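Asks: This is query-v7.cif (mmCIF, C-alpha atoms).
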```
data_query
#
loop_
_atom_site.label_atom_id
_atom_site.label_comp_id
_atom_site.auth_asym_id
_atom_site.auth_seq_id
_atom_site.Cartn_x
_atom_site.Cartn_y
_atom_site.Cartn_z
CA MET T 1044 17.94 1.96 -32.77
CA ARG T 1045 18.59 5.51 -31.61
CA LEU T 1046 17.08 8.86 -30.74
CA GLN T 1047 18.02 11.19 -33.57
CA HIS T 1048 16.32 14.45 -32.60
CA LEU T 1049 14.39 15.89 -29.65
CA TYR T 1050 12.21 19.01 -29.59
CA LEU T 1051 10.76 20.45 -26.38
CA ARG T 1052 8.23 23.18 -25.80
CA ASN T 1053 7.29 24.37 -22.30
CA PHE T 1054 8.89 21.32 -20.68
CA ARG T 1055 10.19 21.96 -17.14
CA ASN T 1056 12.46 25.03 -17.42
CA PHE T 1057 12.74 24.85 -21.23
CA GLU T 1058 10.58 27.28 -23.13
CA GLU T 1059 11.87 25.75 -26.35
CA ALA T 1060 14.78 23.47 -27.21
CA SER T 1061 15.85 21.52 -30.26
CA LEU T 1062 18.65 18.95 -30.01
CA SER T 1063 20.22 16.48 -32.43
CA PHE T 1064 22.15 13.52 -31.07
CA GLY T 1065 25.08 11.37 -32.08
CA PRO T 1066 24.87 7.58 -32.27
CA LYS T 1067 27.19 6.97 -29.30
CA ILE T 1068 28.01 9.21 -26.29
CA ASN T 1069 26.00 12.42 -25.81
CA LEU T 1070 26.89 14.78 -22.96
CA PHE T 1071 24.66 17.42 -21.37
CA CYS T 1072 27.13 19.79 -19.73
CA GLY T 1073 26.48 22.69 -17.38
CA ASN T 1074 26.20 23.88 -13.80
CA ASN T 1075 23.66 22.47 -11.39
CA ALA T 1076 19.97 23.46 -11.67
CA GLN T 1077 20.26 24.48 -15.34
CA GLY T 1078 18.10 21.73 -16.86
CA LYS T 1079 20.44 18.83 -17.66
CA THR T 1080 18.35 16.24 -15.83
CA ASN T 1081 15.20 17.67 -17.41
CA LEU T 1082 16.52 16.54 -20.80
CA LEU T 1083 17.03 13.00 -19.51
CA GLU T 1084 13.53 13.15 -18.05
CA ALA T 1085 12.06 14.07 -21.45
CA ILE T 1086 13.92 11.17 -23.09
CA SER T 1087 12.69 8.82 -20.38
CA LEU T 1088 9.12 10.02 -20.88
CA ILE T 1089 9.34 9.24 -24.60
CA SER T 1090 10.83 5.84 -23.81
CA THR T 1091 8.70 4.61 -20.92
CA GLY T 1092 5.66 6.87 -20.85
CA ARG T 1093 6.49 8.04 -17.32
CA SER T 1094 8.75 10.47 -15.52
CA PHE T 1095 11.42 9.03 -13.23
CA ARG T 1096 11.10 12.06 -10.94
CA THR T 1097 7.37 12.61 -10.38
CA GLN T 1098 4.00 10.92 -10.79
CA HIS T 1099 2.34 14.28 -11.48
CA LEU T 1100 2.65 15.28 -15.12
CA ALA T 1101 1.49 18.81 -14.33
CA GLU T 1102 4.89 19.37 -12.72
CA LEU T 1103 6.48 18.93 -16.14
CA ILE T 1104 4.69 21.98 -17.57
CA ARG T 1105 6.90 25.10 -17.50
CA GLU T 1106 5.78 27.62 -14.93
CA GLY T 1107 3.25 30.02 -16.46
CA ALA T 1108 2.62 27.82 -19.51
CA ALA T 1109 -0.59 25.95 -20.34
CA PHE T 1110 0.92 22.73 -21.73
CA PHE T 1111 4.09 20.88 -22.59
CA PHE T 1112 4.94 19.36 -25.96
CA ILE T 1113 7.65 16.84 -26.86
CA GLU T 1114 8.55 15.59 -30.31
CA ALA T 1115 11.11 12.84 -30.86
CA GLN T 1116 12.58 11.53 -34.08
CA ILE T 1117 13.53 7.89 -33.63
CA VAL T 1118 15.41 5.62 -36.01
CA ARG T 1119 14.65 1.93 -35.59
CA ASP T 1120 15.45 -0.78 -38.13
CA GLN T 1121 16.52 2.05 -40.47
CA VAL T 1122 12.99 3.48 -40.37
CA VAL T 1123 12.37 7.00 -39.03
CA GLN T 1124 9.46 7.31 -36.60
CA ILE T 1125 8.01 10.52 -35.17
CA VAL T 1126 6.54 10.54 -31.66
CA ARG T 1127 4.66 13.51 -30.18
CA LEU T 1128 3.45 13.94 -26.60
CA THR T 1129 1.24 16.74 -25.31
CA PHE T 1130 -0.25 17.38 -21.89
CA ASP T 1131 -2.29 20.45 -20.93
CA GLY T 1132 -2.87 19.61 -17.30
CA GLN T 1133 -5.98 17.59 -18.10
CA VAL T 1134 -5.67 15.74 -21.40
CA LYS T 1135 -2.79 13.59 -22.63
CA LYS T 1136 -2.22 13.25 -26.34
CA VAL T 1137 0.08 10.64 -27.83
CA GLU T 1138 0.84 10.40 -31.52
CA CYS T 1139 3.24 8.06 -33.29
CA ASN T 1140 3.58 8.32 -37.06
CA ARG T 1141 0.23 10.16 -37.16
CA SER T 1142 -1.57 7.37 -35.29
CA THR T 1143 -3.04 8.33 -31.92
CA TYR T 1144 -2.86 6.21 -28.77
CA PRO T 1145 -4.87 6.26 -25.52
CA SER T 1146 -2.04 6.73 -23.00
CA PHE T 1147 1.64 7.49 -22.58
CA GLN T 1148 2.16 3.86 -21.58
CA SER T 1149 1.37 2.93 -25.18
CA LEU T 1150 4.95 4.00 -25.93
CA LEU T 1151 6.45 1.12 -23.92
CA GLY T 1152 8.75 -0.93 -26.11
CA LEU T 1153 9.12 1.67 -28.87
CA LEU T 1154 12.43 3.06 -27.58
CA PRO T 1155 13.61 0.85 -24.70
CA SER T 1156 16.04 2.47 -22.29
CA ILE T 1157 17.97 2.05 -19.05
CA LEU T 1158 18.49 4.94 -16.64
CA PHE T 1159 21.22 5.16 -14.00
CA ALA T 1160 20.25 7.92 -11.55
CA PRO T 1161 21.33 9.00 -8.03
CA THR T 1162 17.97 7.86 -6.68
CA ASP T 1163 18.81 4.28 -7.69
CA ILE T 1164 20.18 3.80 -4.19
CA ASP T 1165 16.49 3.31 -3.30
CA LEU T 1166 16.67 -0.07 -5.05
CA ILE T 1167 18.63 -1.12 -1.97
CA MET T 1168 17.47 1.25 0.75
CA GLY T 1169 13.91 2.03 -0.40
CA SER T 1170 10.58 0.26 -0.05
CA PRO T 1171 9.61 -2.97 -1.83
CA ALA T 1172 7.40 -0.89 -4.15
CA VAL T 1173 10.55 0.70 -5.63
CA ARG T 1174 11.99 -2.71 -6.43
CA ARG T 1175 8.72 -3.93 -7.93
CA ARG T 1176 8.62 -0.87 -10.21
CA PHE T 1177 12.14 -1.74 -11.34
CA LEU T 1178 11.03 -5.27 -12.32
CA ASN T 1179 7.81 -4.08 -13.94
CA LEU T 1180 9.43 -1.37 -16.04
CA HIS T 1181 12.18 -3.63 -17.36
CA LEU T 1182 9.80 -6.45 -18.29
CA ALA T 1183 7.15 -4.15 -19.78
CA GLN T 1184 9.72 -2.71 -22.20
CA SER T 1185 10.51 -6.09 -23.69
CA ASP T 1186 7.31 -8.12 -23.24
CA PRO T 1187 3.91 -6.57 -24.09
CA LEU T 1188 2.19 -9.60 -22.58
CA TYR T 1189 3.77 -8.82 -19.21
CA PHE T 1190 2.20 -5.36 -19.15
CA HIS T 1191 -1.15 -6.91 -20.14
CA HIS T 1192 -1.03 -9.34 -17.21
CA LEU T 1193 0.12 -6.62 -14.81
CA LEU T 1194 -2.90 -4.47 -15.68
CA ARG T 1195 -5.18 -7.49 -15.58
CA PHE T 1196 -3.92 -8.52 -12.14
CA TRP T 1197 -4.38 -5.03 -10.69
CA ARG T 1198 -7.89 -4.74 -12.11
CA ALA T 1199 -8.84 -8.03 -10.44
CA VAL T 1200 -7.20 -7.03 -7.14
CA LYS T 1201 -9.20 -3.79 -7.04
CA GLN T 1202 -12.45 -5.68 -7.65
CA ARG T 1203 -11.60 -8.27 -5.01
CA ASN T 1204 -10.69 -5.54 -2.49
CA THR T 1205 -14.04 -3.87 -3.11
CA LEU T 1206 -15.81 -7.12 -2.29
CA LEU T 1207 -13.64 -7.68 0.79
CA ARG T 1208 -14.51 -4.24 2.15
CA ALA T 1209 -18.17 -4.97 1.56
CA PHE T 1210 -17.81 -8.29 3.41
CA SER T 1211 -19.20 -9.95 0.30
CA SER T 1212 -18.14 -13.10 -1.54
CA ASP T 1213 -20.51 -12.67 -4.47
CA GLY T 1214 -18.47 -13.05 -7.65
CA ILE T 1215 -15.17 -13.12 -5.78
CA ASP T 1216 -14.24 -16.53 -7.24
CA CYS T 1217 -14.21 -15.03 -10.73
CA TRP T 1218 -11.79 -12.28 -9.75
CA GLU T 1219 -9.56 -14.68 -7.83
CA HIS T 1220 -9.25 -16.95 -10.88
CA GLU T 1221 -8.25 -13.96 -12.99
CA MET T 1222 -5.73 -12.88 -10.34
CA ALA T 1223 -4.24 -16.36 -10.14
CA ALA T 1224 -3.74 -16.72 -13.89
CA SER T 1225 -1.94 -13.38 -14.16
CA ALA T 1226 -0.04 -13.83 -10.89
CA ALA T 1227 1.47 -17.07 -12.19
CA PHE T 1228 2.65 -15.30 -15.34
CA LEU T 1229 4.11 -12.33 -13.42
CA PHE T 1230 5.88 -14.58 -10.94
CA GLU T 1231 7.43 -16.66 -13.70
CA LYS T 1232 8.71 -13.64 -15.62
CA ARG T 1233 10.07 -11.89 -12.53
CA THR T 1234 11.90 -15.03 -11.40
CA GLU T 1235 13.34 -15.48 -14.86
CA LEU T 1236 14.47 -11.83 -14.94
CA LEU T 1237 16.26 -11.98 -11.59
CA GLU T 1238 18.04 -15.19 -12.58
CA GLU T 1239 19.22 -13.69 -15.85
CA LEU T 1240 20.27 -10.39 -14.27
CA ASN T 1241 22.31 -12.29 -11.69
CA GLU T 1242 24.67 -13.57 -14.37
CA GLY T 1243 25.68 -10.12 -15.60
CA LEU T 1244 25.47 -8.55 -12.14
CA LYS T 1245 28.15 -10.80 -10.67
CA THR T 1246 30.51 -10.20 -13.59
CA SER T 1247 30.02 -6.43 -13.82
CA CYS T 1248 30.30 -5.89 -10.07
CA LYS T 1249 33.63 -7.72 -9.95
CA GLU T 1250 34.91 -5.69 -12.90
CA LEU T 1251 33.89 -2.35 -11.39
CA SER T 1252 35.29 -3.20 -7.96
CA GLY T 1253 38.59 -4.66 -9.15
CA GLU T 1254 37.47 -8.17 -8.12
CA GLN T 1255 36.80 -6.93 -4.57
CA THR T 1256 32.99 -7.20 -4.47
CA GLU T 1257 30.41 -9.74 -5.60
CA ALA T 1258 26.70 -8.95 -5.85
CA GLN T 1259 23.62 -11.06 -6.52
CA PHE T 1260 19.85 -11.13 -6.01
CA SER T 1261 17.89 -13.15 -3.52
CA PRO T 1262 14.07 -13.15 -3.48
CA SER T 1263 13.14 -12.13 0.08
CA GLN T 1264 9.41 -12.72 -0.02
CA PRO T 1265 8.33 -15.73 -2.08
CA VAL T 1266 4.71 -14.87 -1.34
CA HIS T 1267 3.13 -17.26 -3.78
CA GLN T 1268 3.91 -20.22 -5.96
CA PRO T 1269 3.91 -20.11 -9.77
CA ILE T 1270 1.07 -22.64 -9.68
CA ILE T 1271 -2.41 -21.29 -10.21
CA ASP T 1272 -4.17 -23.76 -7.90
CA SER T 1273 -1.76 -23.06 -5.04
CA TYR T 1274 -2.32 -19.30 -5.22
CA LEU T 1275 -6.10 -19.77 -5.49
CA ALA T 1276 -6.07 -21.90 -2.34
CA GLN T 1277 -4.09 -19.21 -0.55
CA LEU T 1278 -6.55 -16.49 -1.57
CA GLN T 1279 -9.52 -18.54 -0.44
CA LYS T 1280 -7.85 -19.40 2.86
CA ASN T 1281 -7.13 -15.73 3.59
CA ARG T 1282 -10.56 -14.31 2.72
CA THR T 1283 -11.89 -14.09 6.27
CA ARG T 1284 -8.79 -12.37 7.64
CA GLU T 1285 -8.43 -10.05 4.64
CA LYS T 1286 -12.03 -8.87 5.00
CA GLN T 1287 -10.94 -7.25 8.25
CA PHE T 1288 -8.34 -5.21 6.36
CA GLY T 1289 -10.28 -4.74 3.12
CA LEU T 1290 -7.08 -5.60 1.24
CA THR T 1291 -5.51 -8.51 -0.61
CA LEU T 1292 -2.33 -9.25 1.31
CA THR T 1293 -0.68 -11.90 -0.87
CA GLY T 1294 0.38 -11.83 -4.50
CA PRO T 1295 2.78 -10.18 -6.94
CA HIS T 1296 1.88 -6.75 -5.57
CA ARG T 1297 3.67 -7.80 -2.36
CA ASP T 1298 6.77 -9.36 -3.94
CA ASP T 1299 10.24 -8.20 -3.00
CA PHE T 1300 13.87 -9.13 -3.53
CA THR T 1301 17.14 -8.42 -1.72
CA LEU T 1302 20.44 -7.34 -3.23
CA LEU T 1303 23.27 -9.27 -1.59
CA ILE T 1304 26.86 -8.06 -1.53
CA ASP T 1305 29.41 -10.69 -0.57
CA GLN T 1306 26.52 -12.94 0.50
CA LYS T 1307 25.11 -10.38 2.96
CA PRO T 1308 22.11 -8.03 2.57
CA ALA T 1309 23.50 -4.81 1.07
CA ARG T 1310 20.94 -2.74 2.95
CA LEU T 1311 22.42 -3.75 6.30
CA TYR T 1312 26.08 -4.49 5.72
CA ALA T 1313 27.43 -2.77 2.59
CA SER T 1314 29.27 0.53 2.52
CA ASP T 1315 27.91 3.39 0.43
CA GLY T 1316 30.60 2.79 -2.18
CA GLN T 1317 29.75 -0.91 -2.40
CA LYS T 1318 26.05 -0.13 -2.79
CA ARG T 1319 26.62 2.35 -5.61
CA THR T 1320 29.05 0.00 -7.35
CA ALA T 1321 26.45 -2.77 -7.19
CA ILE T 1322 23.77 -0.48 -8.62
CA ALA T 1323 26.08 0.53 -11.50
CA ALA T 1324 26.71 -3.16 -12.17
CA LEU T 1325 22.96 -3.83 -12.03
CA ARG T 1326 22.22 -1.18 -14.66
CA LEU T 1327 24.90 -2.63 -16.96
CA SER T 1328 23.46 -6.11 -16.48
CA GLU T 1329 19.98 -4.77 -17.15
CA TRP T 1330 21.17 -3.21 -20.42
CA GLN T 1331 22.75 -6.49 -21.52
CA ARG T 1332 19.60 -8.45 -20.74
CA LEU T 1333 17.32 -5.97 -22.51
CA GLN T 1334 19.58 -5.95 -25.55
CA LYS T 1335 19.20 -9.73 -25.88
CA GLN T 1336 15.43 -9.53 -25.48
CA ILE T 1337 14.79 -6.81 -28.08
CA GLU T 1338 17.72 -7.75 -30.36
CA ALA T 1339 18.80 -4.10 -30.51
CA CYS T 1340 20.76 -1.64 -28.35
CA PRO T 1341 18.53 0.14 -25.82
CA LEU T 1342 19.35 3.71 -24.83
CA PHE T 1343 21.42 4.20 -21.69
CA GLY T 1344 21.04 7.35 -19.58
CA ILE T 1345 23.34 8.43 -16.74
CA ASP T 1346 22.32 11.28 -14.48
CA ASP T 1347 25.37 12.87 -12.85
CA LEU T 1348 27.98 10.11 -13.06
CA GLU T 1349 30.27 11.92 -10.61
CA VAL T 1350 27.74 11.40 -7.79
CA HIS T 1351 27.64 7.63 -8.16
CA LEU T 1352 31.23 6.39 -8.04
CA ASP T 1353 34.72 7.37 -6.92
CA GLN T 1354 37.27 8.30 -9.60
CA GLU T 1355 38.76 4.82 -9.98
CA ARG T 1356 35.39 3.15 -10.43
CA GLN T 1357 34.18 5.96 -12.69
CA ASN T 1358 37.06 5.13 -15.02
CA LEU T 1359 36.15 1.43 -15.00
CA PHE T 1360 32.49 2.27 -15.56
CA ARG T 1361 33.37 4.51 -18.53
CA GLN T 1362 35.14 1.59 -20.18
CA SER T 1363 31.93 -0.44 -19.96
CA VAL T 1364 29.76 2.46 -21.17
CA GLN T 1365 31.92 2.88 -24.29
CA LYS T 1366 30.77 -0.58 -25.38
CA LEU T 1367 27.07 0.28 -25.23
CA GLY T 1368 24.89 1.86 -27.91
CA GLN T 1369 23.55 5.39 -27.68
CA VAL T 1370 24.28 6.96 -24.27
CA PHE T 1371 23.11 10.22 -22.65
CA ILE T 1372 25.07 11.62 -19.70
CA THR T 1373 24.61 14.71 -17.55
CA THR T 1374 27.79 16.22 -16.12
CA PRO T 1375 28.80 19.56 -14.59
CA GLN T 1376 31.95 19.67 -16.70
CA THR T 1377 33.14 18.99 -20.24
CA ALA T 1378 35.52 16.31 -19.06
CA PRO T 1379 38.13 14.96 -21.52
CA ALA T 1380 37.14 11.43 -20.48
CA TRP T 1381 34.68 11.38 -23.38
CA PRO T 1382 36.79 12.64 -26.33
CA GLU T 1383 34.39 11.38 -29.01
CA ALA T 1384 31.18 12.52 -27.34
CA LYS T 1385 28.70 14.96 -28.82
CA LEU T 1386 28.46 17.86 -26.36
CA HIS T 1387 25.48 20.04 -25.50
CA SER T 1388 25.82 23.06 -23.25
CA VAL T 1389 22.84 23.49 -20.92
CA SER T 1390 22.27 26.83 -19.18
CA ALA T 1391 19.14 28.38 -17.69
CA GLY T 1392 16.73 26.29 -19.74
CA THR T 1393 18.58 26.55 -23.04
CA ALA T 1394 20.58 23.86 -24.80
CA SER T 1395 23.08 24.36 -27.60
CA PRO T 1396 25.77 22.17 -29.21
CA LEU T 1397 29.42 22.73 -28.28
#
```
Is it possible to give me this structure as structure tokens?
Replies:
Amino acid sequence: MRLQHLYLRNFRNFEEASLSFGPKINLFCGNNAQGKTNLLEAISLISTGRSFRTQHLAELIREGAAFFFIEAQIVRDQVVQIVRLTFDGQVKKVECNRSTYPSFQSLLGLLPSILFAPTDIDLIMGSPAVRRRFLNLHLAQSDPLYFHHLLRFWRAVKQRNTLLRAFSSDGIDCWEHEMAASAAFLFEKRTELLEELNEGLKTSCKELSGEQTEAQFSPSQPVHQPIIDSYLAQLQKNRTREKQFGLTLTGPHRDDFTLLIDQKPARLYASDGQKRTAIAALRLSEWQRLQKQIEACPLFGIDDLEVHLDQERQNLFRQSVQKLGQVFITTPQTAPAWPEAKLHSVSAGTASPL
């Protein structure tokens, strides 16, 4: 599975760009603020249906243009597939092999990917919502049923919150039963994911740190049990109090986990270098887990490797990256560390092979 070709029109600072990629390491080289990360963003949008930099798609339209257009040529199971995305500020259009789909999220699972970006430090230092998005995105790329239950749960939560704000219990039992069924599924899959990621996380973190650091996950808010009846009882017990807030205060939408380094919360006790090493190890573990789930090599994107790790750990990380499938890396220099990479020069919204 790989991304063979990418065409952009009016995307970020690119008026037009056409790029072909190699099956292994692909480098986007150039000075800062030239558009390197924009290329990773376009690849991520094709892969996940969302930008990793903004929730507002209008920001992706080049200044002065009326729309953006992306076309990707994907090879999966030796079959070529063409994906096209268009957004004009109002209407989204998604087409895959001439079939149209209702939303960008319909692309989930078509071209699974992992992205290692400077903002990943928020997985440690950011809000619980950041960590929940991490879990949701990983699971949605490998399990369509997970995404179904996530949407189903949120629909039921919104309906229940409406009733809570109206101080009404009419029909609330129905929505609580729907919430409980999906909550149990989400909880089970998230727990399973964290347990499986822990295996690779410990190994990769030791390798990247020269056996100096060990990292693992610990759920920090086990807000509900994976038993439907238990969660239903909790919802019913909390109704009176939650009517005062107009919000559902327990469930998967409140879950969180903690990243531990050497048995201590990384947020409080780890150095910046330890945190970034643990995040690099997490992304490698995530790639390994996703590969097993989809029985293919997901894409791996790295935005500005030099920002993440010191030179020694960069070298160790490169050794691990060489073992992955197709990889896309932004870098300010054409470093000799990637002698077999396919290079693309990026300058002022233009991209050309080197």
Asks: Have a look at atom CA of Phe1130 of chain T and atom CA of Phe1196 of chain T and let me know their distance in Å, one decimal.
Replies: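 Atom CA of Phe1196 of chain T lies at a distance of 27.9 Å from atom CA of Phe1130 of chain T.
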Asks: Step by step, work through what the PyMOL selection byres ((chain T and resi 1171) around 8) selects in the shown file, and finish by giving those residues as a ChimeraX atom specification.
Replies: /T:1169-1170,1172-1175,1297-1300
Asks: Which residues, written as a list of chain:residue names, have at least one atom at most 9 Å from Leu1359 of chain T, with all atoms listed in the file counted and residues fewer than 2 positions away on the same chain left out?
Replies: T:Glu1250, T:Leu1251, T:Ser1252, T:Gly1253, T:Gln1354, T:Glu1355, T:Arg1356, T:Gln1357, T:Arg1361, T:Gln1362, T:Ser1363, T:Val1364
Asks: Expressed in Å to a single decimal, how great is the separation between atom CA of Arg1282 of chain T and atom CA of Ala1224 of chain T?
Replies: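 Atom CA of Ala1224 of chain T lies 18.1 Å from atom CA of Arg1282 of chain T.
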Asks: How would you write, as a PyMOL selection string, the residues chosen by the PyMOL selection byres ((chain T and resi 1077-1087) around 10) on this structure?
Replies: chain T and resi 1046+1049-1051+1054-1057+1060+1062+1070-1076+1088-1097+1103+1112-1115+1154-1158+1160+1342-1347+1371-1375+1387-1394
Asks: Write the selection just made, keeping C-alpha atoms, as an mmCIF file, keeping the file's coordinate frame?
Replies:
```
data_model
loop_
_atom_site.group_PDB
_atom_site.id
_atom_site.type_symbol
_atom_site.label_atom_id
_atom_site.label_comp_id
_atom_site.auth_asym_id
_atom_site.auth_seq_id
_atom_site.Cartn_x
_atom_site.Cartn_y
_atom_site.Cartn_z
ATOM 1 C CA LEU T 1046 17.080 8.860 -30.740
ATOM 2 C CA LEU T 1049 14.390 15.890 -29.650
ATOM 3 C CA TYR T 1050 12.210 19.010 -29.590
ATOM 4 C CA LEU T 1051 10.760 20.450 -26.380
ATOM 5 C CA PHE T 1054 8.890 21.320 -20.680
ATOM 6 C CA ARG T 1055 10.190 21.960 -17.140
ATOM 7 C CA ASN T 1056 12.460 25.030 -17.420
ATOM 8 C CA PHE T 1057 12.740 24.850 -21.230
ATOM 9 C CA ALA T 1060 14.780 23.470 -27.210
ATOM 10 C CA LEU T 1062 18.650 18.950 -30.010
ATOM 11 C CA LEU T 1070 26.890 14.780 -22.960
ATOM 12 C CA PHE T 1071 24.660 17.420 -21.370
ATOM 13 C CA CYS T 1072 27.130 19.790 -19.730
ATOM 14 C CA GLY T 1073 26.480 22.690 -17.380
ATOM 15 C CA ASN T 1074 26.200 23.880 -13.800
ATOM 16 C CA ASN T 1075 23.660 22.470 -11.390
ATOM 17 C CA ALA T 1076 19.970 23.460 -11.670
ATOM 18 C CA LEU T 1088 9.120 10.020 -20.880
ATOM 19 C CA ILE T 1089 9.340 9.240 -24.600
ATOM 20 C CA SER T 1090 10.830 5.840 -23.810
ATOM 21 C CA THR T 1091 8.700 4.610 -20.920
ATOM 22 C CA GLY T 1092 5.660 6.870 -20.850
ATOM 23 C CA ARG T 1093 6.490 8.040 -17.320
ATOM 24 C CA SER T 1094 8.750 10.470 -15.520
ATOM 25 C CA PHE T 1095 11.420 9.030 -13.230
ATOM 26 C CA ARG T 1096 11.100 12.060 -10.940
ATOM 27 C CA THR T 1097 7.370 12.610 -10.380
ATOM 28 C CA LEU T 1103 6.480 18.930 -16.140
ATOM 29 C CA PHE T 1112 4.940 19.360 -25.960
ATOM 30 C CA ILE T 1113 7.650 16.840 -26.860
ATOM 31 C CA GLU T 1114 8.550 15.590 -30.310
ATOM 32 C CA ALA T 1115 11.110 12.840 -30.860
ATOM 33 C CA LEU T 1154 12.430 3.060 -27.580
ATOM 34 C CA PRO T 1155 13.610 0.850 -24.700
ATOM 35 C CA SER T 1156 16.040 2.470 -22.290
ATOM 36 C CA ILE T 1157 17.970 2.050 -19.050
ATOM 37 C CA LEU T 1158 18.490 4.940 -16.640
ATOM 38 C CA ALA T 1160 20.250 7.920 -11.550
ATOM 39 C CA LEU T 1342 19.350 3.710 -24.830
ATOM 40 C CA PHE T 1343 21.420 4.200 -21.690
ATOM 41 C CA GLY T 1344 21.040 7.350 -19.580
ATOM 42 C CA ILE T 1345 23.340 8.430 -16.740
ATOM 43 C CA ASP T 1346 22.320 11.280 -14.480
ATOM 44 C CA ASP T 1347 25.370 12.870 -12.850
ATOM 45 C CA PHE T 1371 23.110 10.220 -22.650
ATOM 46 C CA ILE T 1372 25.070 11.620 -19.700
ATOM 47 C CA THR T 1373 24.610 14.710 -17.550
ATOM 48 C CA THR T 1374 27.790 16.220 -16.120
ATOM 49 C CA PRO T 1375 28.800 19.560 -14.590
ATOM 50 C CA HIS T 1387 25.480 20.040 -25.500
ATOM 51 C CA SER T 1388 25.820 23.060 -23.250
ATOM 52 C CA VAL T 1389 22.840 23.490 -20.920
ATOM 53 C CA SER T 1390 22.270 26.830 -19.180
ATOM 54 C CA ALA T 1391 19.140 28.380 -17.690
ATOM 55 C CA GLY T 1392 16.730 26.290 -19.740
ATOM 56 C CA THR T 1393 18.580 26.550 -23.040
ATOM 57 C CA ALA T 1394 20.580 23.860 -24.800
#
```
Asks: Show which residues sit within 12 Å of Pro1145 of chain T, as a CSV table (one decimal) with C-alpha atoms, in the frame of the given file. Count only C-alpha atoms, and ignore same-chain residues fewer than 2 positions away.
Replies:
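The resulting result10.csv:
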```csv
chain,number,residue,atom,x,y,z
T,1092,GLY,CA,5.7,6.9,-20.8
T,1128,LEU,CA,3.4,13.9,-26.6
T,1134,VAL,CA,-5.7,15.7,-21.4
T,1135,LYS,CA,-2.8,13.6,-22.6
T,1136,LYS,CA,-2.2,13.2,-26.3
T,1137,VAL,CA,0.1,10.6,-27.8
T,1138,GLU,CA,0.8,10.4,-31.5
T,1139,CYS,CA,3.2,8.1,-33.3
T,1142,SER,CA,-1.6,7.4,-35.3
T,1143,THR,CA,-3.0,8.3,-31.9
T,1147,PHE,CA,1.6,7.5,-22.6
T,1148,GLN,CA,2.2,3.9,-21.6
T,1149,SER,CA,1.4,2.9,-25.2
T,1150,LEU,CA,5.0,4.0,-25.9
```
Asks: Point out the residue among T:Glu1059, T:Ser1395, T:Ala1309, T:Leu1182 with the least atom-to-atom distance to Phe1228 of chain T, counting only C-alpha atoms.
Replies: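 Distance minimum relative to Phe1228 of chain T lands on T:Leu1182.
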Asks: What does the structure give for the distance between atom CA of Thr1256 of chain T and atom CA of Arg1310 of chain T, in Å to one decimal?
Replies: 14.8 Å
Asks: Measuring atom to atom with all atoms listed in the file, identify which of T:Thr1129, T:Ser1061, T:Ser1146, T:Ser1185 is nearest to Lys1335 of chain T.
Replies: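 Of T:Thr1129, T:Ser1061, T:Ser1146, T:Ser1185, the one nearest Lys1335 of chain T is T:Ser1185, counting all atoms listed in the file.
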Asks: Using only C-alpha atoms for the distances, tell me which of T:Ile1117, T:Gln1098, T:Phe1210, T:Gln1317 is nearest to Gln1287 of chain T.
Replies: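 Nearest to Gln1287 of chain T: T:Phe1210.
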Asks: Go through the shown structure with the PyMOL selection byres ((chain T and resi 1190) around 12) and write out the matching residues as a PyMOL selection string.
Replies: chain T and resi 1148-1152+1176+1178-1189+1191-1197+1225+1228-1229+1232
Asks: Kindly indicate which residue among T:Gln1279, T:Ala1324, T:Glu1235, T:Ile1164 lies nearest to Asp1216 of chain T, using all atoms listed in the file for the distances.
Replies: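 That would be T:Gln1279, the residue with the smallest distance to Asp1216 of chain T.
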Asks: Using all atoms listed in the file, which of T:Val1126, T:Leu1386, T:Thr1320, T:Gln1047 sits nearest Lys1245 of chain T?
Replies: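 For Lys1245 of chain T, the nearest of the given residues is T:Thr1320.
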Asks: Could you list, as an MDAnalysis selection string, every residue within 6 Å of Gln1116 of chain T, counting all atoms listed in the file and ignoring same-chain residues fewer than 5 positions away?
Replies: chainID T and resid 1047:1048 1124:1125
Asks: Padding of 4 Å on every side, edges along x, y and z, all listed atoms of segment 1135-1152 of chain T included: what centre and edge lengths in Å, to one decimal, does that box have, as JSON?
Replies:
```
{"center_x": 1.9, "center_y": 6.3, "center_z": -29.4, "size_x": 21.6, "size_y": 22.5, "size_z": 23.6}
```
Asks: Given only C-alpha atoms as the basis, pick out the residue of T:Leu1278, T:Ala1209, T:Ile1167, T:Val1370 nearest to Pro1066 of chain T.
Replies: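 Comparing T:Leu1278, T:Ala1209, T:Ile1167, T:Val1370 against Pro1066 of chain T, the winner is T:Val1370.
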